[in-house]
file final30.txt (compact mmCIF, C-alpha atoms)
# COMPACT_ATOMS: atom_id res chain seq x y z
CA MET A 1 -41.65 6.03 42.14
CA GLN A 2 -42.94 9.13 40.39
CA LEU A 3 -41.24 12.51 40.78
CA ASP A 4 -42.72 15.85 39.72
CA VAL A 5 -41.39 19.38 39.97
CA ILE A 6 -44.04 22.00 40.73
CA VAL A 7 -43.27 25.43 39.28
CA ALA A 8 -45.71 28.33 39.78
CA GLY A 9 -48.40 25.81 40.70
CA VAL A 10 -47.93 23.60 37.61
CA ALA A 11 -46.59 20.04 37.97
CA HIS A 12 -44.07 18.66 35.44
CA SER A 13 -43.01 15.02 35.48
CA LEU A 14 -39.33 14.14 35.89
CA THR A 15 -39.97 10.41 35.43
CA ASP A 16 -42.20 9.91 32.38
CA ASP A 17 -39.54 10.38 29.63
CA VAL A 18 -41.60 13.13 27.98
CA VAL A 19 -38.84 15.57 28.92
CA CYS A 20 -36.56 13.41 31.05
CA ASN A 21 -36.38 10.42 33.35
CA LEU A 22 -34.82 10.08 36.77
CA LEU A 23 -31.65 7.96 36.92
CA GLN A 24 -30.44 8.67 40.44
CA GLN A 25 -31.29 10.77 43.50
CA MET A 26 -29.30 11.59 46.60
CA GLY A 27 -30.11 13.42 49.82
CA ILE A 28 -33.50 11.82 50.47
CA GLY A 29 -32.67 9.90 53.67
CA MET A 30 -32.01 11.32 57.13
CA ALA A 31 -31.86 15.10 57.15
CA PRO A 32 -28.45 16.65 57.89
CA LEU A 33 -28.13 18.18 61.33
CA HIS A 34 -25.72 19.58 63.88
CA ARG A 35 -25.76 19.15 67.63
CA ILE A 36 -25.46 22.10 69.96
CA ALA A 37 -23.11 21.80 72.96
CA ASP A 38 -21.25 23.91 75.46
CA ARG A 39 -18.28 23.23 77.70
CA GLY A 40 -17.15 24.53 81.08
CA PRO A 41 -13.53 25.45 81.86
CA GLN A 42 -12.96 22.29 83.97
CA GLN A 43 -15.33 20.02 82.05
CA HIS A 44 -14.24 16.82 80.35
CA GLY A 45 -16.27 16.32 77.19
CA ASP A 46 -19.19 18.70 76.72
CA SER A 47 -22.88 19.16 77.58
CA ASP A 48 -25.29 18.40 74.79
CA ARG A 49 -27.98 21.09 74.41
CA GLY A 50 -29.98 19.59 71.57
CA PHE A 51 -29.81 19.79 67.78
CA ARG A 52 -31.01 21.67 64.72
CA LEU A 53 -31.74 20.28 61.27
CA ASP A 54 -29.58 21.78 58.55
CA PRO A 55 -30.90 22.52 55.05
CA ARG A 56 -31.26 19.38 52.98
CA ILE A 57 -29.26 19.11 49.75
CA VAL A 58 -30.97 16.96 47.10
CA THR A 59 -29.10 15.94 43.95
CA LEU A 60 -30.93 14.52 40.93
CA LEU A 61 -29.40 12.86 37.88
CA LEU A 62 -31.80 13.07 34.92
CA ARG A 63 -31.64 11.37 31.53
CA VAL A 64 -32.67 13.27 28.39
CA CYS A 65 -33.19 11.23 25.20
CA PRO A 66 -34.08 12.03 21.56
CA PRO A 67 -36.04 13.41 19.90
CA ASP A 68 -36.05 17.17 20.47
CA MET A 69 -33.05 17.17 22.80
CA LEU A 70 -32.65 20.94 22.72
CA VAL A 71 -36.33 21.53 23.45
CA LYS A 72 -36.16 19.18 26.42
CA ARG A 73 -32.98 20.78 27.72
CA ASP A 74 -34.59 24.21 27.47
CA ALA A 75 -37.59 22.94 29.43
CA LEU A 76 -35.36 21.78 32.28
CA MET A 77 -33.55 25.11 32.33
CA ALA A 78 -36.87 26.96 32.49
CA TRP A 79 -38.15 24.81 35.36
CA PHE A 80 -35.00 24.94 37.47
CA LYS A 81 -33.71 28.46 36.82
CA PRO A 82 -33.04 30.54 39.97
CA ARG A 83 -36.05 32.38 41.35
CA ASN A 84 -37.04 33.93 44.66
CA THR A 85 -40.02 31.64 45.22
CA ALA A 86 -39.39 27.99 46.00
CA LEU A 87 -39.99 25.07 43.67
CA SER A 88 -41.57 21.91 45.04
CA LEU A 89 -40.31 18.40 44.40
CA ARG A 90 -43.17 15.94 44.88
CA TRP A 91 -42.58 12.20 45.12
CA THR A 92 -45.40 9.67 44.76
CA ARG A 93 -44.03 6.50 46.28
CA ASP A 94 -44.80 2.98 45.16
CA ASP A 95 -47.13 2.65 48.18
CA ALA A 96 -49.07 5.72 46.87
CA GLU A 97 -47.88 7.97 49.71
CA VAL A 98 -47.09 11.52 48.60
CA ARG A 99 -44.16 13.44 50.09
CA GLN A 100 -43.07 16.90 49.08
CA LEU A 101 -40.09 19.18 49.65
CA ASP A 102 -39.81 22.90 48.89
CA VAL A 103 -36.44 23.70 47.31
CA HIS A 104 -34.30 26.19 45.43
CA TYR A 105 -31.93 25.21 42.62
CA ILE A 106 -28.27 25.82 43.63
CA ASP A 107 -25.81 23.98 41.36
CA GLN A 108 -24.57 21.46 38.77
CA MET A 109 -26.64 22.23 35.67
CA GLN A 110 -23.63 23.27 33.57
CA LEU A 111 -24.80 20.91 30.79
CA THR A 112 -21.36 19.84 29.64
CA THR A 113 -21.75 18.32 26.17
CA GLU A 114 -19.78 16.06 23.86
CA SER A 115 -20.36 14.63 20.41
CA ALA A 116 -22.54 11.79 21.74
CA SER A 117 -24.82 14.15 23.64
CA ARG A 118 -27.20 14.38 20.69
CA TYR A 119 -28.16 10.77 21.45
CA LEU A 120 -28.22 10.89 25.26
CA MET A 121 -27.63 13.54 27.87
CA LYS A 122 -27.25 13.08 31.60
CA VAL A 123 -28.23 16.21 33.47
CA PRO A 124 -27.35 16.63 37.17
CA ALA A 125 -29.20 19.23 39.24
CA GLN A 126 -28.74 20.12 42.89
CA PHE A 127 -31.30 21.74 45.18
CA LYS A 128 -31.34 23.15 48.70
CA SER A 129 -34.44 22.84 50.86
CA GLY A 130 -36.15 26.12 51.59
CA GLY A 131 -39.53 27.79 51.80
CA ILE A 132 -41.89 29.16 54.41
CA LEU A 133 -42.75 25.87 56.13
CA SER A 134 -41.16 25.09 59.48
CA ASP A 135 -38.37 22.49 59.58
CA ASN A 136 -37.96 22.76 55.82
CA ALA A 137 -35.46 19.89 55.70
CA ALA A 138 -38.38 17.56 56.46
CA PHE A 139 -40.68 16.18 53.76
CA TYR A 140 -44.42 16.72 54.06
CA ASP A 141 -47.67 15.40 52.65
CA PRO A 142 -49.25 18.43 50.92
CA THR A 143 -52.79 17.40 51.93
CA TRP A 144 -53.89 19.17 55.11
CA VAL A 145 -55.30 17.06 57.93
CA SER A 146 -58.21 18.82 59.66
CA ILE A 147 -59.71 17.74 62.99
CA LEU A 148 -62.79 19.42 64.44
CA PHE A 149 -63.64 19.46 68.12
CA ALA A 150 -67.28 20.59 67.96
CA LEU A 151 -70.45 20.37 70.00
CA GLY A 152 -72.81 21.10 67.13
CA GLY A 153 -70.93 19.48 64.22
CA GLY A 154 -71.01 20.66 60.62
CA GLY A 155 -68.40 21.58 58.00
CA ASP A 156 -66.13 19.34 55.98
CA GLU A 157 -63.75 18.50 58.81
CA MET A 158 -63.63 15.18 60.62
CA GLU A 159 -66.05 15.50 63.53
CA ILE A 160 -64.97 14.04 66.85
CA PRO A 161 -67.28 11.11 67.79
CA LEU A 162 -69.38 11.71 70.90
CA GLU A 163 -68.29 8.37 72.41
CA ILE A 164 -64.89 9.91 73.22
CA PRO A 165 -64.69 10.78 76.96
CA TRP A 166 -65.74 14.38 77.50
CA GLU A 167 -67.92 16.28 79.89
CA ILE A 168 -70.40 19.07 79.35
CA GLY A 169 -72.28 20.51 82.29
CA ALA A 170 -73.48 24.02 83.01
CA SER A 171 -71.94 25.11 79.68
CA VAL A 172 -68.53 23.72 80.68
CA LEU A 173 -66.28 22.00 78.13
CA ASP A 174 -63.76 19.38 79.28
CA MET A 175 -62.87 17.19 76.30
CA THR A 176 -59.95 14.93 75.42
CA GLN A 177 -59.31 13.53 71.94
CA PRO A 178 -56.47 11.18 70.94
CA VAL A 179 -55.01 12.36 67.62
CA ALA A 180 -53.15 9.54 65.84
CA TYR A 181 -50.22 11.14 64.01
CA VAL A 182 -48.62 8.96 61.30
CA GLY A 183 -45.69 11.24 60.43
CA THR A 184 -42.07 10.72 61.45
CA TRP A 185 -41.32 14.39 62.20
CA ARG A 186 -43.17 16.93 64.36
CA ALA A 187 -45.95 19.07 62.91
CA TYR A 188 -46.68 22.69 63.89
CA PRO A 189 -50.41 23.19 63.32
CA LEU A 190 -52.93 25.93 62.76
CA ILE A 191 -55.53 26.03 65.54
CA THR A 192 -58.79 27.97 65.29
CA VAL A 193 -60.95 28.58 68.36
CA THR A 194 -64.50 29.73 67.57
CA GLY A 195 -66.70 31.19 70.31
CA PRO A 196 -68.65 31.46 72.37
CA ILE A 197 -66.15 30.24 74.94
CA ASP A 198 -64.43 31.68 78.02
CA ASP A 199 -61.04 30.74 79.43
CA CYS A 200 -60.17 28.29 76.64
CA VAL A 201 -57.10 26.11 77.16
CA VAL A 202 -55.73 23.69 74.54
CA THR A 203 -53.17 21.22 75.91
CA ASN A 204 -51.23 18.45 74.20
CA ASN A 205 -50.86 15.91 77.00
CA ALA A 206 -48.18 14.05 75.02
CA THR A 207 -45.84 17.07 75.16
CA THR A 208 -47.39 18.93 78.18
CA GLU A 209 -47.50 22.09 76.02
CA LYS A 210 -50.48 24.41 76.38
CA LEU A 211 -52.15 27.39 74.72
CA ASP A 212 -53.93 29.21 77.52
CA PHE A 213 -56.56 31.91 76.95
CA THR A 214 -57.58 32.18 80.60
CA GLY A 215 -59.15 35.60 81.18
CA LEU A 216 -60.49 35.89 77.62
CA SER A 217 -64.24 35.84 76.95
CA MET A 218 -65.13 35.15 73.31
CA GLY A 219 -68.64 35.82 72.04
CA ALA A 220 -70.50 33.95 69.32
CA GLY A 221 -68.62 34.16 66.02
CA GLU A 222 -65.42 35.48 67.61
CA GLN A 223 -62.26 33.57 66.75
CA ARG A 224 -58.63 33.21 67.72
CA ILE A 225 -56.49 31.78 64.90
CA ILE A 226 -53.19 30.45 66.21
CA ASP A 227 -50.50 29.83 63.55
CA LEU A 228 -47.73 27.80 65.18
CA ARG A 229 -45.55 27.29 62.10
CA TYR A 230 -41.97 28.52 62.28
CA GLY A 231 -41.68 32.07 61.01
CA GLN A 232 -45.35 32.67 61.85
CA LYS A 233 -46.12 32.14 65.57
CA THR A 234 -49.10 34.48 65.45
CA VAL A 235 -52.50 34.79 67.09
CA MET A 236 -55.13 36.71 65.09
CA ASP A 237 -58.78 37.44 65.71
CA GLU A 238 -61.55 36.93 63.16
CA LEU A 239 -60.81 40.38 61.67
CA GLY A 240 -57.10 39.69 61.21
CA ALA A 241 -55.98 41.87 64.13
CA ASP A 242 -53.08 40.81 66.35
CA ALA A 243 -54.34 39.02 69.46
CA PHE A 244 -51.15 37.38 70.72
CA SER A 245 -51.49 39.15 74.07
CA ASP A 246 -54.66 37.15 74.75
CA LEU A 247 -52.44 34.15 75.54
CA THR A 248 -51.14 33.87 79.08
CA SER A 249 -47.41 34.47 79.53
CA ASP A 250 -46.76 30.81 80.40
CA SER A 251 -48.29 29.50 77.15
CA ASP A 252 -46.08 27.42 74.84
CA ALA A 253 -46.75 29.20 71.54
CA ALA A 254 -43.09 28.90 70.51
CA THR A 255 -42.99 25.11 70.84
CA TRP A 256 -46.57 23.68 70.78
CA HIS A 257 -46.59 20.83 68.25
CA ILE A 258 -48.01 17.47 67.25
CA ALA A 259 -45.36 14.91 68.21
CA GLU A 260 -44.33 11.80 66.31
CA ALA A 261 -43.55 8.32 67.64
CA PRO A 262 -41.67 7.42 69.75
CA ASP A 263 -41.76 10.88 71.42
CA ALA A 264 -45.54 10.42 71.51
CA PRO A 265 -45.98 6.66 72.14
CA GLY A 266 -47.62 5.12 69.10
CA GLY A 267 -47.91 8.61 67.59
CA ILE A 268 -50.91 9.32 69.85
CA ASN A 269 -51.24 12.97 70.86
CA SER A 270 -53.93 13.37 73.52
CA ILE A 271 -55.40 16.84 72.99
CA HIS A 272 -57.28 18.23 75.99
CA VAL A 273 -59.60 21.24 75.52
CA THR A 274 -61.32 23.10 78.35
CA GLY A 275 -63.50 26.19 78.58
CA THR A 276 -66.75 27.61 79.91
CA ALA A 277 -69.78 29.52 78.62
CA ILE A 278 -70.01 27.34 75.52
CA ASN A 279 -72.91 26.31 73.31
CA ALA A 280 -73.45 24.24 70.16
CA ALA A 281 -71.65 26.83 68.00
CA THR A 282 -68.38 26.48 69.92
CA ALA A 283 -65.63 24.74 67.94
CA ILE A 284 -61.88 24.15 68.00
CA THR A 285 -60.20 23.11 64.73
CA ILE A 286 -56.65 21.75 64.44
CA GLN A 287 -55.07 21.62 60.97
CA TYR A 288 -51.62 20.31 60.13
CA LEU A 289 -49.40 18.89 57.42
CA THR A 290 -48.03 15.40 58.10
CA ARG A 291 -44.23 15.62 58.05
CA TYR A 292 -41.48 13.04 57.52
CA ILE A 293 -37.78 12.95 58.37
CA SER A 294 -36.99 11.03 55.14
CA LEU A 295 -38.53 10.06 51.85

call {"tool": "encode", "arguments": {"input": "final30.txt", "output": "structure tokens"}}
result
Amino acid sequence: MQLDVIVAGVAHSLTDDVVCNLLQQMGIGMAPLHRIADRGPQQHGDSDRGFRLDPRIVTLLLRVCPPDMLVKRDALMAWFKPRNTALSLRWTRDDAEVRQLDVHYIDQMQLTTESASRYLMKVPAQFKSGGILSDNAAFYDPTWVSILFALGGGGDEMEIPLEIPWEIGASVLDMTQPVAYVGTWRAYPLITVTGPIDDCVVTNNATTEKLDFTGLSMGAGEQRIIDLRYGQKTVMDELGADAFSDLTSDSDAATWHIAEAPDAPGGINSIHVTGTAINAATAITIQYLTRYISL
């Protein structure tokens, strides 16, 4: 397994022995969590109200060997020093899958030395998950998955095959596409609706969550860009102006997500898109990062 740390966009190996090599890692299994509960005055036990993932703590033990021990130690200090922007730890597994975690250094690099340290140094380093991505205790594949629901095709996205059941009549769109999600933790996507289209509704049948633009008429070239990631939850038009009010009040913008198995049986999320007044330029694009509950 290969491990890199990405600092300011530059990847540095922690496993090739040029600077160091990884001896041990902890905190890469199930994410820590706490369950939420409440209790009535006459209640025995309590009522479970769900859970939240806690920040993940990852501890690495690195080996530093001659020559140039001081140079290598200085390199580690430069990579891991505290900063406001997150580092990324990126694992390439033996099966070639890539999983990444955004982190901040928090502890353990005191670099205690003794007389033998000029021949070998073991350097522990501890990190806390953090960053702008939702559910930041979950790993993710840094390659975006992009799925295009389009009538006219085009672009670099994966076009939905026309054999999939859908109906077009009198400029009406009623289309369902099964999205096979391979992750083991939910993904909050970016969704772009490109007009012309009226009364667009995007529903995930696996979760029953919907994004409903009933009452909105979008002309050719108009867009609504829905960012469902935690800390974002925005709807913008093609000019970058706030358009959140275009959603109906019963839309599920706070929770709409791509679900993992077994919550979505087999990881299949059936995405249903409807609308009217469409033509070949109409398109709906869903983009997401595949996320994992463990390495």

call {"tool": "closest_residue", "arguments": {"input": "final30.txt", "among": "A:Met1, A:Leu22, A:Ala137, A:Ala96", "to": "Leu62 in chain A", "atoms": "all atoms listed in the file"}}
result
A:Leu22

call {"tool": "residues_near_point", "arguments": {"input": "final30.txt", "point": "(-46.8, 29.8, 62.1)", "cutoff": "10 Å", "atoms": "only C-alpha atoms", "output": "list in words"}}
result
Ile132, Leu133, Ser134, Tyr188, Pro189, Leu190, Ile226, Asp227, Leu228, Arg229, Tyr230, Gly231, Gln232, Lys233, Thr234, Val235, Ala253 and Ala254 of chain A

call {"tool": "residues_near_point", "arguments": {"input": "final30.txt", "point": "(-60.8, 26.8, 82.2)", "cutoff": "8 Å", "atoms": "all atoms listed in the file", "output": "PyMOL selection string"}}
result
chain A and resi 198-201+214+274-276

call {"tool": "write_last_selection", "arguments": {"input": "final30.txt", "atoms": "C-alpha atoms", "output": "PDB file, in the frame of the given file"}}
result
ATOM      1  CA  ASP A 198     -64.430  31.680  78.020  1.00  0.00           C
ATOM      2  CA  ASP A 199     -61.040  30.740  79.430  1.00  0.00           C
ATOM      3  CA  CYS A 200     -60.170  28.290  76.640  1.00  0.00           C
ATOM      4  CA  VAL A 201     -57.100  26.110  77.160  1.00  0.00           C
ATOM      5  CA  THR A 214     -57.580  32.180  80.600  1.00  0.00           C
ATOM      6  CA  THR A 274     -61.320  23.100  78.350  1.00  0.00           C
ATOM      7  CA  GLY A 275     -63.500  26.190  78.580  1.00  0.00           C
ATOM      8  CA  THR A 276     -66.750  27.610  79.910  1.00  0.00           C
TER       9      THR A 276
END

call {"tool": "residues_around", "arguments": {"input": "final30.txt", "residues": "Trp256 in chain A", "least_positions_apart": "4", "cutoff": "9 Å", "atoms": "all atoms listed in the file", "output": "ChimeraX atom specification"}}
result
/A:188-189,203-204,207-211,228,251-252

call {"tool": "atom_distance", "arguments": {"input": "final30.txt", "atom1": "CA of Gln100 in chain A", "atom2": "CA of Asp4 in chain A"}}
result
9.4 Å

call {"tool": "decode", "arguments": {"input": "final30.txt", "residues": "range 37-76 of chain A", "atoms": "N, CA and C atoms", "output": "compact mmCIF listing (two decimals), in the first residue's frame"}}
result
# COMPACT_ATOMS: atom_id res chain seq x y z
N ALA A 37 -29.54 10.49 21.74
CA ALA A 37 -30.71 9.90 22.39
C ALA A 37 -31.34 10.91 23.32
N ASP A 38 -32.61 10.70 23.61
CA ASP A 38 -33.26 11.47 24.67
C ASP A 38 -34.08 10.53 25.54
N ARG A 39 -34.54 11.07 26.67
CA ARG A 39 -35.16 10.20 27.66
C ARG A 39 -36.27 10.96 28.39
N GLY A 40 -37.46 10.36 28.45
CA GLY A 40 -38.57 10.97 29.17
C GLY A 40 -38.48 10.71 30.66
N PRO A 41 -39.25 11.48 31.47
CA PRO A 41 -39.15 11.36 32.93
C PRO A 41 -39.55 10.00 33.47
N GLN A 42 -40.43 9.27 32.78
CA GLN A 42 -40.86 7.94 33.24
C GLN A 42 -40.33 6.83 32.34
N GLN A 43 -39.37 7.17 31.47
CA GLN A 43 -38.91 6.20 30.47
C GLN A 43 -37.79 5.33 31.02
N HIS A 44 -37.90 4.02 30.77
CA HIS A 44 -36.80 3.10 31.04
C HIS A 44 -35.94 3.01 29.77
N GLY A 45 -34.65 3.13 29.93
CA GLY A 45 -33.78 3.21 28.76
C GLY A 45 -33.88 4.59 28.13
N ASP A 46 -33.69 4.66 26.83
CA ASP A 46 -33.80 5.95 26.14
C ASP A 46 -34.27 5.71 24.71
N SER A 47 -34.53 6.80 23.99
CA SER A 47 -35.00 6.74 22.60
C SER A 47 -33.87 7.18 21.68
N ASP A 48 -33.45 6.28 20.84
CA ASP A 48 -32.34 6.59 19.93
C ASP A 48 -32.82 7.52 18.83
N ARG A 49 -32.09 8.61 18.58
CA ARG A 49 -32.46 9.60 17.58
C ARG A 49 -31.47 9.68 16.42
N GLY A 50 -30.60 8.68 16.33
CA GLY A 50 -29.64 8.68 15.22
C GLY A 50 -28.21 8.80 15.71
N PHE A 51 -27.31 9.24 14.83
CA PHE A 51 -25.90 9.29 15.16
C PHE A 51 -25.23 10.39 14.36
N ARG A 52 -24.02 10.73 14.76
CA ARG A 52 -23.16 11.63 14.01
C ARG A 52 -21.75 11.05 14.03
N LEU A 53 -21.06 11.11 12.90
CA LEU A 53 -19.65 10.73 12.88
C LEU A 53 -18.84 11.79 13.60
N ASP A 54 -17.88 11.35 14.39
CA ASP A 54 -16.94 12.26 15.03
C ASP A 54 -15.70 12.41 14.14
N PRO A 55 -14.90 13.44 14.36
CA PRO A 55 -13.66 13.55 13.57
C PRO A 55 -12.80 12.31 13.74
N ARG A 56 -12.17 11.91 12.67
CA ARG A 56 -11.30 10.73 12.69
C ARG A 56 -9.89 11.15 13.13
N ILE A 57 -9.29 10.37 14.00
CA ILE A 57 -7.91 10.59 14.42
C ILE A 57 -7.04 9.50 13.79
N VAL A 58 -6.10 9.90 12.95
CA VAL A 58 -5.20 8.97 12.28
C VAL A 58 -3.79 9.16 12.84
N THR A 59 -3.18 8.06 13.27
CA THR A 59 -1.82 8.10 13.80
C THR A 59 -0.90 7.29 12.88
N LEU A 60 0.18 7.91 12.44
CA LEU A 60 1.18 7.25 11.60
C LEU A 60 2.47 7.10 12.38
N LEU A 61 3.15 5.98 12.18
CA LEU A 61 4.50 5.79 12.70
C LEU A 61 5.43 5.63 11.50
N LEU A 62 6.35 6.57 11.32
CA LEU A 62 7.22 6.61 10.16
C LEU A 62 8.66 6.28 10.56
N ARG A 63 9.36 5.63 9.67
CA ARG A 63 10.77 5.29 9.88
C ARG A 63 11.63 6.19 9.01
N VAL A 64 12.64 6.80 9.61
CA VAL A 64 13.60 7.64 8.88
C VAL A 64 14.97 7.01 9.02
N CYS A 65 15.64 6.75 7.91
CA CYS A 65 16.93 6.05 7.90
C CYS A 65 18.00 6.93 7.24
N PRO A 66 19.29 6.66 7.55
CA PRO A 66 20.39 7.37 6.88
C PRO A 66 20.35 7.09 5.38
N PRO A 67 20.98 7.95 4.58
CA PRO A 67 21.73 9.14 5.00
C PRO A 67 20.83 10.36 5.13
N ASP A 68 21.45 11.48 5.46
CA ASP A 68 20.77 12.78 5.50
C ASP A 68 19.59 12.78 6.45
N MET A 69 19.79 12.27 7.65
CA MET A 69 18.70 12.17 8.62
C MET A 69 18.11 13.54 8.95
N LEU A 70 18.94 14.54 9.13
CA LEU A 70 18.43 15.86 9.49
C LEU A 70 17.63 16.47 8.35
N VAL A 71 18.07 16.27 7.13
CA VAL A 71 17.35 16.78 5.97
C VAL A 71 15.97 16.13 5.87
N LYS A 72 15.92 14.83 6.11
CA LYS A 72 14.66 14.11 6.04
C LYS A 72 13.72 14.53 7.17
N ARG A 73 14.27 14.71 8.35
CA ARG A 73 13.46 15.17 9.47
C ARG A 73 12.88 16.55 9.19
N ASP A 74 13.71 17.42 8.64
CA ASP A 74 13.22 18.77 8.30
C ASP A 74 12.11 18.72 7.26
N ALA A 75 12.22 17.78 6.31
CA ALA A 75 11.17 17.65 5.29
C ALA A 75 9.84 17.26 5.93
N LEU A 76 9.88 16.31 6.87
CA LEU A 76 8.64 15.92 7.55
C LEU A 76 8.05 17.08 8.33
